[in-house]
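Below is the file start-v1.txt, which contains compact mmCIF, C-alpha atoms and all ligand atoms.
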```txt
# COMPACT_ATOMS: atom_id res chain seq x y z
CA MET Y 1 0.00 0.00 0.00
CA THR Y 2 2.92 2.32 -0.41
CA GLY Y 3 2.89 3.47 -4.03
CA PHE Y 4 2.10 7.16 -3.75
CA SER Y 5 0.63 9.88 -5.83
CA HIS Y 6 0.17 12.11 -2.82
CA LYS Y 7 2.59 14.73 -4.08
CA HIS Y 8 -0.25 15.88 -6.27
CA SER Y 9 -2.43 16.75 -3.31
CA MET Y 10 0.07 19.33 -2.04
CA ASN Y 11 0.30 22.78 -3.52
CA LYS Y 12 3.55 24.72 -4.01
CA ARG Y 13 3.22 26.68 -0.77
CA GLU Y 14 2.74 23.49 1.21
CA VAL Y 15 5.75 21.83 -0.33
CA LEU Y 16 7.85 24.93 0.37
CA ASP Y 17 6.64 25.10 3.99
CA MET Y 18 7.64 21.50 4.45
CA GLU Y 19 11.12 22.23 3.28
CA THR Y 20 11.67 25.34 5.40
CA LYS Y 21 9.56 25.17 8.56
CA LYS Y 22 10.29 23.03 11.58
CA ARG Y 23 7.90 20.16 12.10
CA ILE Y 24 5.50 19.44 14.95
CA PHE Y 25 3.58 16.27 15.76
CA SER Y 26 1.09 15.73 18.54
CA GLY Y 27 -1.97 13.65 19.23
CA ILE Y 28 -4.68 12.84 21.71
CA LYS Y 29 -6.40 9.49 22.08
CA PRO Y 30 -10.17 9.48 21.59
CA SER Y 31 -10.70 7.27 24.63
CA GLY Y 32 -13.00 9.77 26.32
CA GLU Y 33 -14.23 13.34 26.06
CA LEU Y 34 -11.60 16.07 25.67
CA THR Y 35 -10.99 17.82 28.97
CA LEU Y 36 -9.95 21.24 30.15
CA GLY Y 37 -6.64 19.52 31.07
CA SER Y 38 -5.94 18.38 27.52
CA TYR Y 39 -6.98 21.81 26.22
CA MET Y 40 -4.71 23.76 28.58
CA GLY Y 41 -1.87 21.21 28.58
CA ALA Y 42 -1.79 20.54 24.85
CA ILE Y 43 -4.32 21.95 22.35
CA LYS Y 44 -3.92 25.59 23.42
CA ASN Y 45 -0.24 25.28 22.56
CA TRP Y 46 -0.98 23.58 19.27
CA VAL Y 47 -3.02 26.60 18.24
CA SER Y 48 -0.25 29.02 19.13
CA LEU Y 49 2.30 27.06 17.10
CA GLN Y 50 0.33 26.58 13.89
CA ASP Y 51 1.70 29.62 12.05
CA GLU Y 52 5.34 29.16 12.83
CA TYR Y 53 5.62 25.41 12.29
CA GLU Y 54 4.55 22.71 9.88
CA CYS Y 55 2.12 20.85 12.14
CA LEU Y 56 0.55 17.41 12.12
CA TYR Y 57 -2.25 16.92 14.64
CA CYS Y 58 -3.59 13.44 14.96
CA VAL Y 59 -6.52 11.59 16.53
CA VAL Y 60 -4.60 8.60 17.88
CA ASP Y 61 -7.32 5.96 17.76
CA MET Y 62 -4.83 3.08 17.72
CA HIS Y 63 -3.58 4.21 21.12
CA ALA Y 64 -7.17 4.34 22.39
CA ILE Y 65 -7.73 0.58 22.02
CA THR Y 66 -5.01 -0.20 24.57
CA VAL Y 67 -7.95 -0.01 26.98
CA ARG Y 68 -11.31 -1.54 26.07
CA GLN Y 69 -13.55 0.70 23.95
CA VAL Y 70 -17.12 0.34 22.73
CA PRO Y 71 -16.56 0.41 18.93
CA ALA Y 72 -19.49 2.74 18.12
CA ASP Y 73 -18.38 5.18 20.84
CA LEU Y 74 -14.79 5.16 19.63
CA ARG Y 75 -15.93 5.96 16.09
CA ARG Y 76 -18.18 8.80 17.27
CA ARG Y 77 -15.54 10.26 19.59
CA SER Y 78 -12.82 10.14 16.93
CA LEU Y 79 -14.91 12.38 14.68
CA GLU Y 80 -15.98 14.58 17.56
CA GLN Y 81 -12.36 15.04 18.54
CA LEU Y 82 -11.42 16.12 15.04
CA ALA Y 83 -14.29 18.64 15.11
CA GLN Y 84 -13.05 19.86 18.48
CA TYR Y 85 -9.51 20.37 17.19
CA ILE Y 86 -10.98 22.70 14.57
CA ALA Y 87 -13.34 24.37 17.04
CA CYS Y 88 -10.40 25.06 19.38
CA GLY Y 89 -8.79 27.10 16.62
CA LEU Y 90 -6.72 24.69 14.55
CA ASP Y 91 -7.00 25.67 10.93
CA PRO Y 92 -7.27 22.67 8.56
CA GLU Y 93 -5.74 24.82 5.84
CA LYS Y 94 -2.59 25.31 7.88
CA ASN Y 95 -2.25 21.97 9.64
CA ILE Y 96 -2.30 18.35 8.58
CA MET Y 97 -5.12 16.82 10.63
CA PHE Y 98 -5.80 13.10 10.41
CA ILE Y 99 -6.76 9.86 12.08
CA GLN Y 100 -3.87 7.57 13.06
CA SER Y 101 -5.36 4.31 11.77
CA HIS Y 102 -5.73 5.86 8.29
CA VAL Y 103 -1.94 5.97 7.90
CA PRO Y 104 -0.64 2.39 8.13
CA GLN Y 105 3.00 3.50 8.33
CA HIS Y 106 2.48 4.23 12.08
CA ALA Y 107 1.98 0.54 12.80
CA GLU Y 108 4.74 -0.46 10.40
CA LEU Y 109 7.39 1.78 11.94
CA SER Y 110 6.18 0.83 15.40
CA TRP Y 111 7.08 -2.82 14.74
CA VAL Y 112 10.62 -1.92 13.71
CA LEU Y 113 11.15 0.45 16.65
CA GLY Y 114 9.82 -2.19 19.05
CA CYS Y 115 12.80 -4.32 18.07
CA TYR Y 116 15.08 -1.47 19.20
CA THR Y 117 13.35 -0.87 22.53
CA GLN Y 118 14.17 -2.77 25.69
CA PHE Y 119 11.66 -4.55 27.92
CA GLY Y 120 13.21 -2.79 30.93
CA GLU Y 121 12.69 0.65 29.40
CA LEU Y 122 8.99 0.02 28.83
CA SER Y 123 8.59 -1.46 32.32
CA ARG Y 124 9.68 1.84 33.84
CA MET Y 125 6.95 3.95 32.21
CA THR Y 126 4.72 5.45 34.89
CA GLN Y 127 1.66 5.61 32.60
CA PHE Y 128 1.98 1.83 32.04
CA LYS Y 129 2.20 1.24 35.79
CA ASP Y 130 -0.84 3.47 36.46
CA LYS Y 131 -2.95 1.98 33.69
CA SER Y 132 -2.08 -1.60 34.61
CA GLN Y 133 -3.30 -0.89 38.11
CA LYS Y 134 -6.50 0.69 36.81
CA HIS Y 135 -7.15 -2.07 34.27
CA ALA Y 136 -5.76 -5.06 36.16
CA ASP Y 137 -7.99 -7.44 34.21
CA ASN Y 138 -6.58 -6.35 30.84
CA ILE Y 139 -2.85 -5.69 30.95
CA ASN Y 140 -2.42 -6.32 27.25
CA ALA Y 141 0.75 -6.17 25.15
CA GLY Y 142 -0.48 -2.99 23.44
CA LEU Y 143 -0.66 -1.18 26.76
CA PHE Y 144 2.95 -2.18 27.36
CA THR Y 145 4.25 -1.19 23.92
CA TYR Y 146 2.11 1.99 23.78
CA PRO Y 147 5.19 4.29 23.99
CA VAL Y 148 6.77 2.54 20.98
CA LEU Y 149 3.76 3.42 18.84
CA MET Y 150 3.99 6.96 20.18
CA ALA Y 151 7.68 7.09 19.22
CA ALA Y 152 6.70 5.90 15.73
CA ASP Y 153 4.09 8.69 15.51
CA ILE Y 154 6.72 11.28 16.28
CA LEU Y 155 9.73 9.90 14.38
CA LEU Y 156 7.78 9.02 11.24
CA TYR Y 157 7.45 12.73 10.47
CA GLN Y 158 10.97 13.75 11.50
CA SER Y 159 9.32 15.98 14.11
CA ASP Y 160 11.33 18.70 15.84
CA LEU Y 161 8.83 19.53 18.57
CA VAL Y 162 6.15 17.61 20.47
CA PRO Y 163 3.71 19.83 22.38
CA VAL Y 164 2.24 17.79 25.25
CA GLY Y 165 1.26 18.07 28.90
CA ASP Y 166 3.76 17.29 31.62
CA ASP Y 167 2.55 13.68 32.05
CA GLN Y 168 3.81 12.78 28.57
CA LYS Y 169 7.37 14.02 29.11
CA GLN Y 170 8.62 10.54 30.04
CA HIS Y 171 7.23 9.10 26.79
CA VAL Y 172 8.90 11.80 24.69
CA GLU Y 173 12.17 11.11 26.51
CA LEU Y 174 11.88 7.41 25.70
CA CYS Y 175 11.23 8.37 22.08
CA ARG Y 176 14.49 10.33 22.12
CA ASP Y 177 16.35 7.34 23.58
CA ILE Y 178 14.98 5.08 20.84
CA ALA Y 179 15.88 7.65 18.16
CA SER Y 180 19.44 8.08 19.37
CA ARG Y 181 19.96 4.31 19.64
CA PHE Y 182 18.67 3.88 16.10
CA ASN Y 183 20.71 6.80 14.80
CA PHE Y 184 23.84 5.37 16.46
CA LEU Y 185 23.36 2.09 14.58
CA PHE Y 186 22.05 3.73 11.40
CA PRO Y 187 23.28 7.34 11.20
CA ASP Y 188 21.05 10.19 9.99
CA THR Y 189 17.76 8.34 10.20
CA PHE Y 190 15.66 10.37 12.63
CA THR Y 191 15.42 14.02 13.71
CA MET Y 192 15.76 14.28 17.49
CA PRO Y 193 12.43 15.61 18.85
CA GLU Y 194 12.06 17.93 21.86
CA PRO Y 195 9.08 17.96 24.22
CA PHE Y 196 7.31 21.32 24.39
CA ILE Y 197 5.51 21.68 27.70
CA PRO Y 198 3.59 24.85 28.62
CA LYS Y 199 4.76 26.95 31.58
CA MET Y 200 1.17 27.64 32.66
CA GLY Y 201 -1.17 24.64 32.63
CA ALA Y 202 1.37 21.82 32.19
CA ARG Y 203 -0.59 19.76 34.70
CA ILE Y 204 -4.16 20.74 35.52
CA MET Y 205 -5.30 18.90 38.63
CA SER Y 206 -8.67 17.33 39.44
CA LEU Y 207 -11.17 19.77 40.97
CA GLY Y 208 -12.20 17.10 43.46
CA ALA Y 209 -8.74 15.78 44.37
CA PRO Y 210 -6.11 18.40 43.58
CA ASP Y 211 -3.27 15.95 44.17
CA THR Y 212 -4.24 13.92 41.08
CA LYS Y 213 -4.22 14.93 37.40
CA MET Y 214 -7.52 16.07 35.90
CA SER Y 215 -8.48 13.12 33.74
CA LYS Y 216 -11.43 12.05 31.62
CA SER Y 217 -11.98 9.03 33.84
CA ASP Y 218 -13.00 11.22 36.82
CA PRO Y 219 -16.30 12.95 35.80
CA GLU Y 220 -16.82 15.28 38.79
CA GLY Y 221 -13.22 16.45 39.13
CA CYS Y 222 -12.93 16.97 35.42
CA VAL Y 223 -14.38 19.64 33.13
CA ILE Y 224 -15.00 18.43 29.59
CA LEU Y 225 -15.00 20.82 26.64
CA MET Y 226 -18.65 20.01 25.90
CA ASP Y 227 -19.88 20.62 29.47
CA LYS Y 228 -22.85 22.98 29.73
CA PRO Y 229 -22.30 26.28 31.61
CA GLU Y 230 -24.38 25.15 34.59
CA ASP Y 231 -22.31 21.97 34.94
CA ILE Y 232 -19.08 23.93 34.76
CA MET Y 233 -20.29 26.36 37.43
CA ARG Y 234 -21.40 23.50 39.70
CA LYS Y 235 -18.02 21.75 39.38
CA PHE Y 236 -16.08 24.92 40.21
CA LYS Y 237 -18.33 25.87 43.13
CA ARG Y 238 -17.72 22.39 44.58
CA ALA Y 239 -13.97 22.42 43.92
CA VAL Y 240 -11.89 21.31 46.89
CA THR Y 241 -9.97 24.17 48.53
CA ASP Y 242 -8.53 24.48 52.07
CA CYS Y 243 -9.53 25.96 55.42
CA GLU Y 244 -7.74 29.29 54.98
CA SER Y 245 -9.39 32.06 53.05
CA ALA Y 246 -6.49 33.65 51.15
CA VAL Y 247 -6.38 33.35 47.38
CA ARG Y 248 -2.65 32.84 46.84
CA PHE Y 249 -0.47 30.45 44.84
CA ASP Y 250 1.20 27.87 47.07
CA LYS Y 251 1.30 24.45 45.42
CA VAL Y 252 2.42 22.54 48.52
CA ASN Y 253 0.09 23.97 51.15
CA LYS Y 254 -2.79 25.14 48.94
CA PRO Y 255 -2.97 22.70 45.99
CA GLY Y 256 -6.69 23.31 45.31
CA ILE Y 257 -6.45 27.11 45.21
CA SER Y 258 -3.19 26.97 43.25
CA ASN Y 259 -4.85 24.76 40.65
CA LEU Y 260 -7.82 27.14 40.37
CA LEU Y 261 -5.45 30.09 39.98
CA THR Y 262 -3.59 28.26 37.22
CA ILE Y 263 -6.86 27.54 35.42
CA TYR Y 264 -7.96 31.16 35.84
CA CYS Y 265 -4.70 32.47 34.36
CA ALA Y 266 -4.73 30.00 31.47
CA ALA Y 267 -8.38 30.88 30.71
CA THR Y 268 -8.00 34.67 30.92
CA GLY Y 269 -4.39 35.21 29.84
CA LYS Y 270 -3.67 37.05 33.12
CA THR Y 271 -0.40 36.53 34.99
CA MET Y 272 -0.34 34.88 38.41
CA GLU Y 273 0.48 38.23 40.06
CA GLU Y 274 -2.48 39.91 38.38
CA ALA Y 275 -4.81 37.08 39.43
CA GLU Y 276 -3.60 37.10 43.04
CA ALA Y 277 -4.01 40.89 43.21
CA GLU Y 278 -7.53 40.70 41.76
CA PHE Y 279 -8.71 38.36 44.53
CA ALA Y 280 -6.45 39.58 47.34
CA ASP Y 281 -9.30 40.91 49.48
CA LYS Y 282 -11.96 38.47 48.30
CA GLY Y 283 -12.88 35.09 49.73
CA TYR Y 284 -13.30 31.70 48.05
CA GLY Y 285 -17.04 32.41 47.68
CA VAL Y 286 -16.17 35.09 45.09
CA PHE Y 287 -13.09 33.43 43.65
CA LYS Y 288 -14.51 29.99 42.76
CA PRO Y 289 -17.48 31.24 40.68
CA ALA Y 290 -15.16 33.75 38.97
CA VAL Y 291 -12.94 30.88 37.80
CA GLY Y 292 -16.07 28.99 36.69
CA GLU Y 293 -17.26 31.98 34.66
CA ALA Y 294 -13.88 32.43 32.99
CA VAL Y 295 -13.97 28.77 31.93
CA VAL Y 296 -17.61 29.04 30.74
CA GLU Y 297 -16.60 31.94 28.48
CA LEU Y 298 -13.49 30.12 27.26
CA LEU Y 299 -15.42 26.98 26.33
CA ARG Y 300 -18.64 28.50 25.02
CA PRO Y 301 -17.42 29.19 21.46
CA ILE Y 302 -15.61 25.84 21.33
CA ARG Y 303 -18.77 23.95 22.32
CA GLU Y 304 -20.94 25.87 19.86
CA GLU Y 305 -18.54 25.46 16.96
CA THR Y 306 -18.08 21.74 17.67
CA THR Y 307 -21.84 21.23 17.61
CA ARG Y 308 -22.07 23.09 14.31
CA LEU Y 309 -19.20 21.17 12.70
CA LEU Y 310 -20.68 17.84 13.70
CA THR Y 311 -23.67 18.53 11.50
CA ASP Y 312 -21.33 18.68 8.49
CA LYS Y 313 -19.95 15.14 8.23
CA ALA Y 314 -18.92 15.62 4.59
CA TYR Y 315 -16.66 18.53 5.57
CA LEU Y 316 -15.04 16.55 8.38
CA GLU Y 317 -14.51 13.63 6.04
CA SER Y 318 -12.80 15.86 3.51
CA ILE Y 319 -10.42 17.11 6.24
CA TYR Y 320 -9.36 13.71 7.52
CA LYS Y 321 -9.07 12.22 4.04
CA GLU Y 322 -6.82 14.96 2.81
CA GLY Y 323 -4.89 14.90 6.09
CA ALA Y 324 -4.21 11.17 5.77
CA GLU Y 325 -3.00 11.58 2.19
CA LYS Y 326 -0.52 14.28 3.09
CA ALA Y 327 0.62 12.44 6.21
CA SER Y 328 1.11 9.19 4.25
CA TYR Y 329 3.28 10.95 1.74
CA LEU Y 330 5.61 12.24 4.47
CA ALA Y 331 5.48 9.02 6.50
CA ASN Y 332 6.41 6.91 3.54
CA LYS Y 333 9.67 8.78 3.00
CA THR Y 334 10.83 7.88 6.51
CA LEU Y 335 9.54 4.33 6.40
CA ARG Y 336 11.35 3.56 3.14
CA LYS Y 337 14.58 4.89 4.60
CA VAL Y 338 14.15 2.81 7.78
CA TYR Y 339 13.31 -0.41 5.89
CA LYS Y 340 16.41 0.05 3.76
CA LYS Y 341 18.66 0.74 6.74
CA VAL Y 342 17.56 -2.31 8.72
CA GLY Y 343 18.17 -4.57 5.71
CA PHE Y 344 14.75 -5.32 4.21
CA VAL Y 345 14.78 -6.17 0.50
CA PRO Y 346 13.20 -3.31 -1.51
CA ARG Y 347 9.94 -4.28 -3.20
CA GLY Y 348 11.23 -2.83 -6.45
P1 LIG V 401 -6.30 9.32 30.30
O1 LIG V 401 -6.57 9.86 31.64
O2 LIG V 401 -7.35 8.44 29.75
O3 LIG V 401 -4.92 8.72 30.17
P2 LIG V 401 -5.86 12.00 29.61
O4 LIG V 401 -7.00 12.69 30.28
O5 LIG V 401 -4.50 12.04 30.22
O6 LIG V 401 -6.27 10.51 29.30
P3 LIG V 401 -5.03 12.39 26.91
O7 LIG V 401 -6.08 12.48 25.91
O8 LIG V 401 -4.25 11.17 26.94
O9 LIG V 401 -5.77 12.69 28.24
O10 LIG V 401 -4.05 13.63 26.86
C1 LIG V 401 -3.97 14.45 25.79
C2 LIG V 401 -2.96 15.53 25.98
O11 LIG V 401 -3.36 16.41 27.00
C3 LIG V 401 -1.57 15.05 26.40
O12 LIG V 401 -0.62 15.87 25.77
C4 LIG V 401 -1.54 15.25 27.87
O13 LIG V 401 -0.25 15.49 28.36
C5 LIG V 401 -2.42 16.48 28.03
N1 LIG V 401 -3.14 16.45 29.29
C6 LIG V 401 -4.08 15.53 29.66
N2 LIG V 401 -4.54 15.79 30.90
C7 LIG V 401 -3.87 16.91 31.30
C8 LIG V 401 -3.90 17.68 32.50
N3 LIG V 401 -4.69 17.36 33.50
N4 LIG V 401 -3.12 18.77 32.58
C9 LIG V 401 -2.31 19.12 31.55
N5 LIG V 401 -2.23 18.43 30.41
C10 LIG V 401 -2.99 17.34 30.27
N1 LIG V 402 0.46 9.28 24.63
C1 LIG V 402 -0.28 10.49 24.47
C2 LIG V 402 -1.02 10.56 23.17
C3 LIG V 402 -0.08 10.41 22.01
C4 LIG V 402 0.87 11.38 21.56
C5 LIG V 402 1.51 10.80 20.43
C6 LIG V 402 1.24 12.64 22.00
C7 LIG V 402 0.03 9.34 21.18
N2 LIG V 402 0.97 9.58 20.25
C8 LIG V 402 2.53 11.46 19.77
C9 LIG V 402 2.26 13.31 21.31
C10 LIG V 402 2.90 12.73 20.21
C11 LIG V 402 -1.25 10.57 25.65
O1 LIG V 402 -1.48 9.60 26.32
N3 LIG V 402 -1.79 11.67 25.90
```
Rewrite the coordinates I just gave you, this time as structure tokens.
Ligand code: ATP
Ligand code: LTN
Amino acid sequence: MTGFSHKHSMNKREVLDMETKKRIFSGIKPSGELTLGSYMGAIKNWVSLQDEYECLYCVVDMHAITVRQVPADLRRRSLEQLAQYIACGLDPEKNIMFIQSHVPQHAELSWVLGCYTQFGELSRMTQFKDKSQKHADNINAGLFTYPVLMAADILLYQSDLVPVGDDQKQHVELCRDIASRFNFLFPDTFTMPEPFIPKMGARIMSLGAPDTKMSKSDPEGCVILMDKPEDIMRKFKRAVTDCESAVRFDKVNKPGISNLLTIYCAATGKTMEEAEAEFADKGYGVFKPAVGEAVVELLRPIREETTRLLTDKAYLESIYKEGAEKASYLANKTLRKVYKKVGFVPRG
């Protein structure tokens, strides 16, 4: 499946951009609804990088099946997630947006890289340890080799930068280890990628338990992008705080308030000093609803635009089809090089 005519789907500007701009790859798995955490930790950054870089943003559905999914839900969420990428401000004209399973080179490179990754390295991954505890009845091989597929995602496109939240740093570091091992054996194969982690919002914590990451699997502590305003307000009003009354950033002693301040700053664009000054003489009763309102206003246009886009399935299909074509063209260049280097006979 690797004879390509995809060059034809790229115009001159796109080809030029690919030759001059640095490359970005990132993805989110459609294993649940997108959260405020994934927006502030990842997507917000994607949007800010789209002009300066050549970006590929992916719906990583193959990663999603490392935990059990209901097939119809996975299909629906994959499309919804693509619509949400666009609603968050990613321009399909500027970025290559696609669905991972549409580009078979991800799985192909993943197999090769798996043969250059050690069992011990994968055993040390904290996400694997967490997920195996959470899904003790289904510790499958895919869950274990998950970071190898992620390394394939990144290296396939010779990516320079990988914008992710803090929890993914370890996976990007493993990807770098795999790339340098491979490059040592087979020089000049892969570009060495760097993680790009935001200063503000790298790790948004659960509203109910501010010592754990906000995650889609915790409905009350987590705000999802499609939440209605009244749900958002309820979640913020109930957010866990502490028994003081001062609104000040202190991660160790005031994790709940510090998390709310971080969310407030990321939602409004204010600095921490500005936010602290704004609420200096106000109690939590004023502060918590103010954070809720800032998030309601941030998410309102995203929710409305997602709903609108989902009524236009033909448009979404045209985006992911074109995205997969362009991605395949780029992916194939790397895959051919890798197959040659490891000693596979060319198909001719
Ligand atoms: P799960 O809990 O099922 O593993 P998740 O909620 O961590 O999923 P992903 O979809 O895997 O979400 O994450 C997508 C991106 O968003 C990643 O780059 C991740 O680092 C980032 N991200 C996710 N949750 C947060 C968070 N709470 N704070 C900051 N960034 C986050
Ligand atoms: N592992 C990531 C999702 C992911 C990803 C990637 C992120 C899969 N492939 C490539 C950046 C680059 C997660 O669990 N959030």
(message) Counting all atoms listed in the file, I want the residues whose atoms come within 12 Å of (-3.3, 32.8, 44.9) in the file frame, returned as an MDAnalysis selection string.
(response) chainID Y and resid 241 244:251 253:265 271:284 287:288
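Within 12 Å of the point (-12.9, 12.3, 6.1), and counting all atoms listed in the file, the protein, DNA and RNA residues are Y:Ser78, Y:Leu79, Y:Leu82, Y:Ala83, Y:Met97, Y:Phe98, Y:Ile99, Y:His102, Y:Asp312, Y:Lys313, Y:Ala314, Y:Tyr315, Y:Leu316, Y:Glu317, Y:Ser318, Y:Ile319, Y:Tyr320, Y:Lys321, Y:Glu322, Y:Gly323, Y:Ala324, Y:Glu325.
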Requested write-out: C-alpha atoms of the selected residues, as a PDB file, keeping the file's coordinate frame:
```pdb
ATOM      1  CA  SER Y  78     -12.820  10.140  16.930  1.00  0.00           C
ATOM      2  CA  LEU Y  79     -14.910  12.380  14.680  1.00  0.00           C
ATOM      3  CA  LEU Y  82     -11.420  16.120  15.040  1.00  0.00           C
ATOM      4  CA  ALA Y  83     -14.290  18.640  15.110  1.00  0.00           C
ATOM      5  CA  MET Y  97      -5.120  16.820  10.630  1.00  0.00           C
ATOM      6  CA  PHE Y  98      -5.800  13.100  10.410  1.00  0.00           C
ATOM      7  CA  ILE Y  99      -6.760   9.860  12.080  1.00  0.00           C
ATOM      8  CA  HIS Y 102      -5.730   5.860   8.290  1.00  0.00           C
ATOM      9  CA  ASP Y 312     -21.330  18.680   8.490  1.00  0.00           C
ATOM     10  CA  LYS Y 313     -19.950  15.140   8.230  1.00  0.00           C
ATOM     11  CA  ALA Y 314     -18.920  15.620   4.590  1.00  0.00           C
ATOM     12  CA  TYR Y 315     -16.660  18.530   5.570  1.00  0.00           C
ATOM     13  CA  LEU Y 316     -15.040  16.550   8.380  1.00  0.00           C
ATOM     14  CA  GLU Y 317     -14.510  13.630   6.040  1.00  0.00           C
ATOM     15  CA  SER Y 318     -12.800  15.860   3.510  1.00  0.00           C
ATOM     16  CA  ILE Y 319     -10.420  17.110   6.240  1.00  0.00           C
ATOM     17  CA  TYR Y 320      -9.360  13.710   7.520  1.00  0.00           C
ATOM     18  CA  LYS Y 321      -9.070  12.220   4.040  1.00  0.00           C
ATOM     19  CA  GLU Y 322      -6.820  14.960   2.810  1.00  0.00           C
ATOM     20  CA  GLY Y 323      -4.890  14.900   6.090  1.00  0.00           C
ATOM     21  CA  ALA Y 324      -4.210  11.170   5.770  1.00  0.00           C
ATOM     22  CA  GLU Y 325      -3.000  11.580   2.190  1.00  0.00           C
TER      23      GLU Y 325
END
```
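When CA of Ser132 (chain Y) is paired with atom P3 of ligand LIG 401 (chain V), their separation reads 16.2 Å.
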(message) Which residues are close to Pro193 (chain Y), i.e. within 9 Å by only C-alpha atoms, leaving aside same-chain residues fewer than 5 positions away? Reply as a PyMOL selection string.
(response) chain Y and resi 24+154-155+158-162+172-173+175-176+179
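Atom pair CA of Lys94 (chain Y) / CA of Ala107 (chain Y) has a distance of 25.7 Å (rounded to one decimal).
Closest approach to ligand LIG 402 (chain V) among Y:Ala136, Y:Val67, Y:Cys88, Y:Ala152: Y:Ala152, based on all atoms listed in the file.
Distance check against Leu113 (chain Y) using only C-alpha atoms: of Y:Arg181, Y:Lys131, Y:Arg347, Y:Lys213, the minimum falls on Y:Arg181.
For the pair CA of Gly285 (chain Y) and CA of Glu304 (chain Y), the separation is 28.8 Å.
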(message) So that I can check the surroundings of Val296 (chain Y), please list as a count of residues only every protein, DNA and RNA residue that reaches within 10 Å of it, counting all atoms listed in the file and ignoring chain neighbours fewer than 5 positions away.
(response) 13
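Minimum distance to ligand LIG 402 (chain V) across Y:Gly165, Y:Gly120, Y:Gly32, Y:Pro104 (counting only C-alpha atoms and all ligand atoms) occurs at Y:Gly165.
Distances to Thr268 (chain Y) were evaluated for Y:Lys29, Y:Met40, Y:Asp177, Y:Phe344 using only C-alpha atoms, and the minimum falls at Y:Met40.
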(request) Find the residues around Ile224 (chain Y) up to 9 Å (only C-alpha atoms counted), leave out those fewer than 4 positions away in its own chain, and share them as a ChimeraX atom specification. (result) /Y:33-37,216,219,232
(request) Return the single residue from Y:Leu149, Y:Leu207, Y:Leu49, Y:Val112 that is closest to ligand LIG 401 (chain V), with distances computed using all atoms listed in the file. (result) Y:Leu207
(request) Report as a ChimeraX atom specification which protein, DNA and RNA residues come within 8 Å of ligand LIG 402 (chain V), using all atoms listed in the file. (result) /Y:25-29,58,60,63,146-147,149-151,153-154,162-165,167-168,171-172
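Closest approach to ligand LIG 401 (chain V) among Y:Glu194, Y:Asp166, Y:Glu305, Y:Asp211: Y:Asp166, based on all atoms listed in the file.
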